[in-house]
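First the structure, in the form of structure tokens, and then the observations on it.
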Amino acid sequence: MERPKHIRLLGVAIPLIVSHDKPEDPEDEVFGEWDSNEMTITLNSECGEVQERTTVMHELVHAIDDFLYLEMTHQEVYVLSQVLYQVLIDNPKFMDYLMFTPSEDRDRQRNRTDSAGHTQKRNKKYRCGK
């Protein structure tokens, strides 16, 4: 899947930038960086696909931390980003579930069809209590 050009966070479009720059000192090499001044996430071009995705999640958690003044430690950001990424990977239908709106559910229930393809009408009303 193609990398998005930006990620929306609380109404702000955060650009994802790929950098081909190499640090002078190999010890300074990082996979990505959240820049709170520029409001950008920069990714190292040499990341593999999985490393890039986990890095985007990690930097996004840094952005959330900044936006909400959570003052998380780097360890907390790291752990939360890893767990969120793994939840999404281990539950591929989860995003479909989150994206499903109540109005779609009402429409789907109204227009149910039986095995022969006939639309089933919902005529019954139910009341709670006595």
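We label chains A, B, ... in the order they appear in the structure tokens, count residues from 1 in each chain, and number ligands from 1 in the order shown.
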Every residue of stretch 11-125 of chain A that DSSP places in alpha helix (DSSP H), as a VMD selection string: chain A and resid 49 to 67 74 to 90 94 to 99 102 to 110
Deliver the residues from the most recent selection as a file, using C-alpha atoms, as a CSV table (one decimal), in the first residue's frame.
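Heads up, here's the output in selection12.csv:
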chain,number,residue,atom,x,y,z
A,49,GLU,CA,8.4,-1.3,5.1
A,50,VAL,CA,7.6,-2.6,8.6
A,51,GLN,CA,10.1,-0.3,10.3
A,52,GLU,CA,8.7,2.7,8.4
A,53,ARG,CA,5.1,1.9,9.5
A,54,THR,CA,6.1,1.4,13.2
A,55,THR,CA,8.1,4.6,13.0
A,56,VAL,CA,5.1,6.5,11.6
A,57,MET,CA,3.0,5.2,14.5
A,58,HIS,CA,5.8,6.1,17.0
A,59,GLU,CA,6.1,9.7,15.7
A,60,LEU,CA,2.3,10.0,15.6
A,61,VAL,CA,2.2,9.1,19.3
A,62,HIS,CA,4.8,11.9,19.8
A,63,ALA,CA,2.5,14.3,18.0
A,64,ILE,CA,-0.5,13.2,20.1
A,65,ASP,CA,1.7,13.7,23.2
A,66,ASP,CA,2.5,17.3,22.1
A,67,PHE,CA,-1.0,18.2,21.0
A,74,HIS,CA,10.1,8.4,25.4
A,75,GLN,CA,9.6,4.9,26.8
A,76,GLU,CA,5.9,5.5,27.2
A,77,VAL,CA,5.7,6.7,23.6
A,78,TYR,CA,7.6,3.7,22.4
A,79,VAL,CA,5.5,1.1,24.3
A,80,LEU,CA,2.2,2.8,23.3
A,81,SER,CA,3.1,3.1,19.7
A,82,GLN,CA,4.2,-0.6,19.5
A,83,VAL,CA,1.1,-1.8,21.2
A,84,LEU,CA,-1.2,0.3,19.0
A,85,TYR,CA,0.6,-0.9,15.8
A,86,GLN,CA,0.3,-4.5,16.9
A,87,VAL,CA,-3.4,-4.2,17.7
A,88,LEU,CA,-4.0,-2.9,14.2
A,89,ILE,CA,-1.9,-5.7,12.6
A,90,ASP,CA,-3.4,-8.5,14.7
A,94,PHE,CA,-10.8,-3.6,13.4
A,95,MET,CA,-10.4,-0.6,11.2
A,96,ASP,CA,-13.5,-1.5,9.2
A,97,TYR,CA,-15.3,-1.8,12.5
A,98,LEU,CA,-14.1,1.7,13.6
A,99,MET,CA,-15.0,3.3,10.2
A,102,PRO,CA,-24.3,4.1,12.8
A,103,SER,CA,-26.3,5.4,9.8
A,104,GLU,CA,-24.7,2.6,7.7
A,105,ASP,CA,-25.8,0.1,10.3
A,106,ARG,CA,-29.4,1.4,10.3
A,107,ASP,CA,-29.5,1.3,6.5
A,108,ARG,CA,-28.1,-2.3,6.4
A,109,GLN,CA,-30.6,-3.5,9.0
A,110,ARG,CA,-33.5,-1.8,7.2
Separation of atom CA of A:Thr73 from atom CA of A:Ser19 in Å: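 Straight-line distance from atom CA of A:Ser19 to atom CA of A:Thr73 works out to 25.3 Å.
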Interatomic distance, atom CA of A:Phe31 to atom CA of A:Glu46 (Å, one decimal):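 A separation of 8.1 Å between them.
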